[in-house]
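Asks: Dumping the structure here so I can ask a few things about it.
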Amino acid sequence: MTAGRPAAGSAAPGDPFASDERLFGPEAFAFYVELEAHNSRDWWQAHRADYERHVRLPLERLAAIAGERYGPAKVFRPNRDVRFSADKSPYKLNGAMTAGRVGGVYVSVSAEGLHAGGGLYEPSRAQLQRAREAIAADGPAAAELDAIVRSLEERGLELAGPFLKTAPRGFDREHPRIELLRMTHFAGLGTLPPEATMGDVDRVWRAVEPLLDWVETHAEPSI
């Protein structure tokens with residue numbers, strides 16, 4: 001396990017991960033329901049206070065807590081980059097935060113609900129190549145990743161897609177670990193109920209920690 005990250009176990013007194021308080025109130029989900037119908041700057045300016053109170057503030061609290069355990073944390077900006085998009089809607093239809101050094105943990109809130117997960121999403125070309133080489137060697141690293149993936153699926157988490165339809169260039173399409181080689185992201189995502197607490201998020205983040213450790217070991221260059 002990465003140095004500095006506490007081992008799994010019962011939460012200590014005062015541990016913010018043990019809180020049974022809701023992460024987001026119903027107002028956060030209602031905000032995004034309305035934003036889907038009125039995605040304009042005028043509407044946003046009229047409801048900015050709702051965003052700040054019911055979405056951004058809870059996300060900043062989450063980021064502060066996650067940053068203590070996983071590393072640098074941030075809350076994503078609500079504005080969309082529309083420069084090269086046919087869709088000129090100015091605002092994202094979800095709020096999200098992430099924390100971590102190589103990959104990270106993640107929480108997102110939207111009209112569709114609440115999601116939490118983690119791993120390495122959108123790896124660089126070099127990271128993807130190193131990870132695939134570790135898988136292709138079909139040694140302990142590949143067996144470890146296979147066990148991690150199975151554990152995530154057993155816990156109800158989904159692997160981030162899309163997957164390649166065939167083997168990546170330069171790799172054997174008949175390789176016994178072909179399903180792992182076809183991965184383009186190394187991340188898992190779970191759906192949480194609207195009334196989810198910090199403890200619910202903690203259980204998802206704990207589940208993806210082995211994946212975080214795997215990508216830090218096998219997708220990053222040795223120092």
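To be explicit about the labels: the chains of the structure tokens are called A, B, and onward in the order shown, and within each one the residues are counted from 1, while ligands get numbers from 1 in the order they are shown.
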Could you pull out the strand (DSSP E or B) residues of range 4-150 of chain A, going by DSSP on the backbone, and write them as a PyMOL selection string?
Replies: chain A and resi 22+73-75+79+91+94-99+104-110+113-120
Asks: Take the selection from the previous step and output its residues with N, CA and C atoms, as a PDB file, in the first residue's frame.
Replies:
```
ATOM      1  N   ARG A  22     -25.216  13.004   5.448  1.00  0.00           N
ATOM      2  CA  ARG A  22     -25.339  12.955   3.997  1.00  0.00           C
ATOM      3  C   ARG A  22     -24.288  13.830   3.341  1.00  0.00           C
ATOM      4  N   ALA A  73      -5.723  17.342  -4.218  1.00  0.00           N
ATOM      5  CA  ALA A  73      -7.149  17.242  -4.525  1.00  0.00           C
ATOM      6  C   ALA A  73      -7.629  18.509  -5.209  1.00  0.00           C
ATOM      7  N   LYS A  74      -8.687  18.361  -6.005  1.00  0.00           N
ATOM      8  CA  LYS A  74      -9.268  19.536  -6.655  1.00  0.00           C
ATOM      9  C   LYS A  74     -10.742  19.296  -6.932  1.00  0.00           C
ATOM     10  N   VAL A  75     -11.472  20.401  -7.017  1.00  0.00           N
ATOM     11  CA  VAL A  75     -12.867  20.397  -7.468  1.00  0.00           C
ATOM     12  C   VAL A  75     -12.868  20.925  -8.896  1.00  0.00           C
ATOM     13  N   ASN A  79     -17.613  25.176 -15.602  1.00  0.00           N
ATOM     14  CA  ASN A  79     -17.718  25.649 -16.980  1.00  0.00           C
ATOM     15  C   ASN A  79     -17.225  24.605 -17.975  1.00  0.00           C
ATOM     16  N   TYR A  91     -22.348  25.058 -19.218  1.00  0.00           N
ATOM     17  CA  TYR A  91     -22.033  24.450 -17.929  1.00  0.00           C
ATOM     18  C   TYR A  91     -22.139  22.923 -17.965  1.00  0.00           C
ATOM     19  N   ASN A  94     -22.681  18.004 -14.261  1.00  0.00           N
ATOM     20  CA  ASN A  94     -22.307  17.320 -13.029  1.00  0.00           C
ATOM     21  C   ASN A  94     -21.244  18.148 -12.315  1.00  0.00           C
ATOM     22  N   GLY A  95     -21.138  17.938 -11.016  1.00  0.00           N
ATOM     23  CA  GLY A  95     -20.048  18.495 -10.230  1.00  0.00           C
ATOM     24  C   GLY A  95     -19.172  17.352  -9.776  1.00  0.00           C
ATOM     25  N   ALA A  96     -17.859  17.564  -9.705  1.00  0.00           N
ATOM     26  CA  ALA A  96     -16.965  16.456  -9.384  1.00  0.00           C
ATOM     27  C   ALA A  96     -15.696  16.934  -8.704  1.00  0.00           C
ATOM     28  N   MET A  97     -15.077  16.015  -7.949  1.00  0.00           N
ATOM     29  CA  MET A  97     -13.781  16.251  -7.329  1.00  0.00           C
ATOM     30  C   MET A  97     -12.931  14.998  -7.491  1.00  0.00           C
ATOM     31  N   THR A  98     -11.619  15.197  -7.410  1.00  0.00           N
ATOM     32  CA  THR A  98     -10.697  14.074  -7.476  1.00  0.00           C
ATOM     33  C   THR A  98      -9.524  14.354  -6.557  1.00  0.00           C
ATOM     34  N   ALA A  99      -8.846  13.294  -6.122  1.00  0.00           N
ATOM     35  CA  ALA A  99      -7.664  13.432  -5.273  1.00  0.00           C
ATOM     36  C   ALA A  99      -6.734  12.260  -5.539  1.00  0.00           C
ATOM     37  N   GLY A 104      -6.364   8.493  -9.083  1.00  0.00           N
ATOM     38  CA  GLY A 104      -6.950   9.106  -7.906  1.00  0.00           C
ATOM     39  C   GLY A 104      -8.338   8.599  -7.635  1.00  0.00           C
ATOM     40  N   VAL A 105      -8.920   9.090  -6.552  1.00  0.00           N
ATOM     41  CA  VAL A 105     -10.308   8.772  -6.214  1.00  0.00           C
ATOM     42  C   VAL A 105     -11.193   9.896  -6.728  1.00  0.00           C
ATOM     43  N   TYR A 106     -12.502   9.619  -6.805  1.00  0.00           N
ATOM     44  CA  TYR A 106     -13.387  10.491  -7.561  1.00  0.00           C
ATOM     45  C   TYR A 106     -14.786  10.434  -6.964  1.00  0.00           C
ATOM     46  N   VAL A 107     -15.473  11.588  -6.975  1.00  0.00           N
ATOM     47  CA  VAL A 107     -16.902  11.648  -6.647  1.00  0.00           C
ATOM     48  C   VAL A 107     -17.564  12.609  -7.625  1.00  0.00           C
ATOM     49  N   SER A 108     -18.754  12.251  -8.093  1.00  0.00           N
ATOM     50  CA  SER A 108     -19.510  13.073  -9.026  1.00  0.00           C
ATOM     51  C   SER A 108     -20.968  13.106  -8.595  1.00  0.00           C
ATOM     52  N   VAL A 109     -21.579  14.298  -8.709  1.00  0.00           N
ATOM     53  CA  VAL A 109     -23.002  14.453  -8.404  1.00  0.00           C
ATOM     54  C   VAL A 109     -23.678  15.088  -9.611  1.00  0.00           C
ATOM     55  N   SER A 110     -24.860  14.584  -9.954  1.00  0.00           N
ATOM     56  CA  SER A 110     -25.593  15.080 -11.115  1.00  0.00           C
ATOM     57  C   SER A 110     -27.071  14.792 -10.919  1.00  0.00           C
ATOM     58  N   GLY A 113     -27.695  11.148 -10.247  1.00  0.00           N
ATOM     59  CA  GLY A 113     -27.370  10.579  -8.955  1.00  0.00           C
ATOM     60  C   GLY A 113     -25.937  10.839  -8.544  1.00  0.00           C
ATOM     61  N   LEU A 114     -25.437   9.944  -7.710  1.00  0.00           N
ATOM     62  CA  LEU A 114     -24.130  10.103  -7.091  1.00  0.00           C
ATOM     63  C   LEU A 114     -23.245   8.919  -7.464  1.00  0.00           C
ATOM     64  N   HIS A 115     -22.006   9.218  -7.877  1.00  0.00           N
ATOM     65  CA  HIS A 115     -21.064   8.175  -8.254  1.00  0.00           C
ATOM     66  C   HIS A 115     -19.730   8.391  -7.552  1.00  0.00           C
ATOM     67  N   ALA A 116     -19.072   7.305  -7.219  1.00  0.00           N
ATOM     68  CA  ALA A 116     -17.752   7.361  -6.603  1.00  0.00           C
ATOM     69  C   ALA A 116     -16.896   6.261  -7.197  1.00  0.00           C
ATOM     70  N   GLY A 117     -15.610   6.487  -7.238  1.00  0.00           N
ATOM     71  CA  GLY A 117     -14.717   5.474  -7.787  1.00  0.00           C
ATOM     72  C   GLY A 117     -13.287   5.950  -7.727  1.00  0.00           C
ATOM     73  N   GLY A 118     -12.461   5.352  -8.569  1.00  0.00           N
ATOM     74  CA  GLY A 118     -11.056   5.752  -8.595  1.00  0.00           C
ATOM     75  C   GLY A 118     -10.235   4.854  -9.488  1.00  0.00           C
ATOM     76  N   GLY A 119      -9.008   5.283  -9.702  1.00  0.00           N
ATOM     77  CA  GLY A 119      -8.084   4.574 -10.574  1.00  0.00           C
ATOM     78  C   GLY A 119      -7.378   5.560 -11.474  1.00  0.00           C
ATOM     79  N   LEU A 120      -6.909   5.083 -12.594  1.00  0.00           N
ATOM     80  CA  LEU A 120      -6.218   5.921 -13.576  1.00  0.00           C
ATOM     81  C   LEU A 120      -7.112   6.042 -14.803  1.00  0.00           C
TER      82      LEU A 120
END
```
Asks: Please provide as a PyMOL selection string all residues within 8 Å of range 50-53 of chain A, with the sequence filter that same-chain residues fewer than 3 positions apart are discarded (counting only C-alpha atoms).
Replies: chain A and resi 27-28+31+47+56-58
Asks: When distances are computed from only C-alpha atoms, which of A:Ala167, A:Ala86, A:Ala136, A:Leu93 shows the smallest separation from Leu35 in chain A?
Replies: A:Leu93
Asks: Could you pull the residues within 8 Å of range 197-208 of chain A, counting only C-alpha atoms, minus those fewer than 2 positions along the same chain, as a PyMOL selection string?
Replies: chain A and resi 8+16-23+105+116-119+152+155+187-188+190+192+195+210-212
Asks: Take the selection from the previous step and output its residues with N, CA and C atoms, as a PDB file, in the first residue's frame.
Replies:
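In the end it all went to again_30.pdb:
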```pdb
ATOM      1  N   ALA A   8      -6.714  -0.246   5.994  1.00  0.00           N
ATOM      2  CA  ALA A   8      -8.155  -0.405   6.165  1.00  0.00           C
ATOM      3  C   ALA A   8      -8.453  -0.939   7.554  1.00  0.00           C
ATOM      4  N   PRO A  16     -13.137  11.725   9.815  1.00  0.00           N
ATOM      5  CA  PRO A  16     -14.208  12.242   8.941  1.00  0.00           C
ATOM      6  C   PRO A  16     -14.799  11.175   8.040  1.00  0.00           C
ATOM      7  N   PHE A  17     -14.064  10.091   7.792  1.00  0.00           N
ATOM      8  CA  PHE A  17     -14.589   9.027   6.955  1.00  0.00           C
ATOM      9  C   PHE A  17     -15.675   8.224   7.675  1.00  0.00           C
ATOM     10  N   ALA A  18     -15.810   8.426   8.976  1.00  0.00           N
ATOM     11  CA  ALA A  18     -16.831   7.699   9.740  1.00  0.00           C
ATOM     12  C   ALA A  18     -18.139   8.470   9.846  1.00  0.00           C
ATOM     13  N   SER A  19     -18.206   9.657   9.266  1.00  0.00           N
ATOM     14  CA  SER A  19     -19.400  10.492   9.390  1.00  0.00           C
ATOM     15  C   SER A  19     -20.612   9.827   8.755  1.00  0.00           C
ATOM     16  N   ASP A  20     -21.769   9.912   9.449  1.00  0.00           N
ATOM     17  CA  ASP A  20     -23.012   9.373   8.897  1.00  0.00           C
ATOM     18  C   ASP A  20     -23.900  10.487   8.344  1.00  0.00           C
ATOM     19  N   GLU A  21     -23.317  11.676   8.152  1.00  0.00           N
ATOM     20  CA  GLU A  21     -24.043  12.785   7.567  1.00  0.00           C
ATOM     21  C   GLU A  21     -24.094  12.644   6.053  1.00  0.00           C
ATOM     22  N   ARG A  22     -25.216  13.004   5.448  1.00  0.00           N
ATOM     23  CA  ARG A  22     -25.339  12.955   3.997  1.00  0.00           C
ATOM     24  C   ARG A  22     -24.288  13.830   3.341  1.00  0.00           C
ATOM     25  N   LEU A  23     -23.722  13.347   2.230  1.00  0.00           N
ATOM     26  CA  LEU A  23     -22.767  14.153   1.482  1.00  0.00           C
ATOM     27  C   LEU A  23     -23.457  15.320   0.786  1.00  0.00           C
ATOM     28  N   VAL A 105      -8.920   9.090  -6.552  1.00  0.00           N
ATOM     29  CA  VAL A 105     -10.308   8.772  -6.214  1.00  0.00           C
ATOM     30  C   VAL A 105     -11.193   9.896  -6.728  1.00  0.00           C
ATOM     31  N   ALA A 116     -19.072   7.305  -7.219  1.00  0.00           N
ATOM     32  CA  ALA A 116     -17.752   7.361  -6.603  1.00  0.00           C
ATOM     33  C   ALA A 116     -16.896   6.261  -7.197  1.00  0.00           C
ATOM     34  N   GLY A 117     -15.610   6.487  -7.238  1.00  0.00           N
ATOM     35  CA  GLY A 117     -14.717   5.474  -7.787  1.00  0.00           C
ATOM     36  C   GLY A 117     -13.287   5.950  -7.727  1.00  0.00           C
ATOM     37  N   GLY A 118     -12.461   5.352  -8.569  1.00  0.00           N
ATOM     38  CA  GLY A 118     -11.056   5.752  -8.595  1.00  0.00           C
ATOM     39  C   GLY A 118     -10.235   4.854  -9.488  1.00  0.00           C
ATOM     40  N   GLY A 119      -9.008   5.283  -9.702  1.00  0.00           N
ATOM     41  CA  GLY A 119      -8.084   4.574 -10.574  1.00  0.00           C
ATOM     42  C   GLY A 119      -7.378   5.560 -11.474  1.00  0.00           C
ATOM     43  N   LEU A 152     -13.285  -5.879  -7.866  1.00  0.00           N
ATOM     44  CA  LEU A 152     -14.123  -4.709  -8.108  1.00  0.00           C
ATOM     45  C   LEU A 152     -15.487  -5.120  -8.654  1.00  0.00           C
ATOM     46  N   ARG A 155     -17.753  -6.501  -6.080  1.00  0.00           N
ATOM     47  CA  ARG A 155     -18.277  -5.470  -5.180  1.00  0.00           C
ATOM     48  C   ARG A 155     -19.267  -4.545  -5.867  1.00  0.00           C
ATOM     49  N   ALA A 187      -9.744   2.099 -14.110  1.00  0.00           N
ATOM     50  CA  ALA A 187     -10.561   2.762 -13.098  1.00  0.00           C
ATOM     51  C   ALA A 187     -11.859   2.008 -12.895  1.00  0.00           C
ATOM     52  N   GLY A 188     -12.371   2.088 -11.669  1.00  0.00           N
ATOM     53  CA  GLY A 188     -13.647   1.485 -11.326  1.00  0.00           C
ATOM     54  C   GLY A 188     -14.596   2.537 -10.795  1.00  0.00           C
ATOM     55  N   GLY A 190     -18.616   3.213  -8.998  1.00  0.00           N
ATOM     56  CA  GLY A 190     -19.803   2.664  -8.368  1.00  0.00           C
ATOM     57  C   GLY A 190     -20.884   3.716  -8.208  1.00  0.00           C
ATOM     58  N   LEU A 192     -23.930   5.299  -5.971  1.00  0.00           N
ATOM     59  CA  LEU A 192     -24.332   5.387  -4.576  1.00  0.00           C
ATOM     60  C   LEU A 192     -25.733   5.982  -4.477  1.00  0.00           C
ATOM     61  N   GLU A 195     -28.694   9.528  -0.626  1.00  0.00           N
ATOM     62  CA  GLU A 195     -28.459   9.819   0.785  1.00  0.00           C
ATOM     63  C   GLU A 195     -27.125   9.269   1.286  1.00  0.00           C
ATOM     64  N   PRO A 210      -6.365  -0.899  -4.145  1.00  0.00           N
ATOM     65  CA  PRO A 210      -5.411  -1.802  -4.799  1.00  0.00           C
ATOM     66  C   PRO A 210      -5.146  -1.440  -6.257  1.00  0.00           C
ATOM     67  N   LEU A 211      -6.156  -0.913  -6.938  1.00  0.00           N
ATOM     68  CA  LEU A 211      -5.967  -0.485  -8.325  1.00  0.00           C
ATOM     69  C   LEU A 211      -5.078   0.751  -8.382  1.00  0.00           C
ATOM     70  N   LEU A 212      -5.257   1.680  -7.446  1.00  0.00           N
ATOM     71  CA  LEU A 212      -4.386   2.846  -7.370  1.00  0.00           C
ATOM     72  C   LEU A 212      -2.937   2.420  -7.153  1.00  0.00           C
TER      73      LEU A 212
END
```
Asks: Tell me which protein, DNA and RNA residues are within 8 Å of Leu164 in chain A, counting only C-alpha atoms, leaving out same-chain ones fewer than 6 positions away, and put them as an MDAnalysis selection string.
Replies: chainID A and resid 182:184
Asks: Restricting the output to N, CA, C and O atoms, write the selected residues as a PDB file, in the first residue's frame.
Replies:
```
ATOM      1  N   ARG A 182      -7.084  -5.091 -23.443  1.00  0.00           N
ATOM      2  CA  ARG A 182      -8.048  -4.269 -24.171  1.00  0.00           C
ATOM      3  C   ARG A 182      -8.533  -3.068 -23.358  1.00  0.00           C
ATOM      4  O   ARG A 182      -9.232  -2.202 -23.872  1.00  0.00           O
ATOM      5  N   MET A 183      -8.139  -2.976 -22.101  1.00  0.00           N
ATOM      6  CA  MET A 183      -8.548  -1.851 -21.259  1.00  0.00           C
ATOM      7  C   MET A 183      -7.868  -0.567 -21.740  1.00  0.00           C
ATOM      8  O   MET A 183      -6.683  -0.567 -22.077  1.00  0.00           O
ATOM      9  N   THR A 184      -8.617   0.517 -21.779  1.00  0.00           N
ATOM     10  CA  THR A 184      -8.042   1.823 -22.122  1.00  0.00           C
ATOM     11  C   THR A 184      -7.976   2.742 -20.899  1.00  0.00           C
ATOM     12  O   THR A 184      -7.351   3.802 -20.956  1.00  0.00           O
TER      13      THR A 184
END
```
Asks: Write down as a PyMOL selection string the residues of range 7-135 of chain A whose backbone DSSP state falls under alpha helix (DSSP H).
Replies: chain A and resi 26-37+41-51+57-70+125-135
Asks: Return the single residue from A:Glu220, A:Glu60, A:Glu154, A:Glu68 that is closest to Gln127 in chain A, with distances computed using only C-alpha atoms.
Replies: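 Using only C-alpha atoms, Gln127 in chain A sits closest to A:Glu220.
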Asks: Smallest atom-to-atom distance to Ser151 in chain A: which of A:Asn39, A:Glu209, A:Phe24, A:Lys92, using only C-alpha atoms?
Replies: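 Counting only C-alpha atoms, the residue closest to Ser151 in chain A is A:Glu209.
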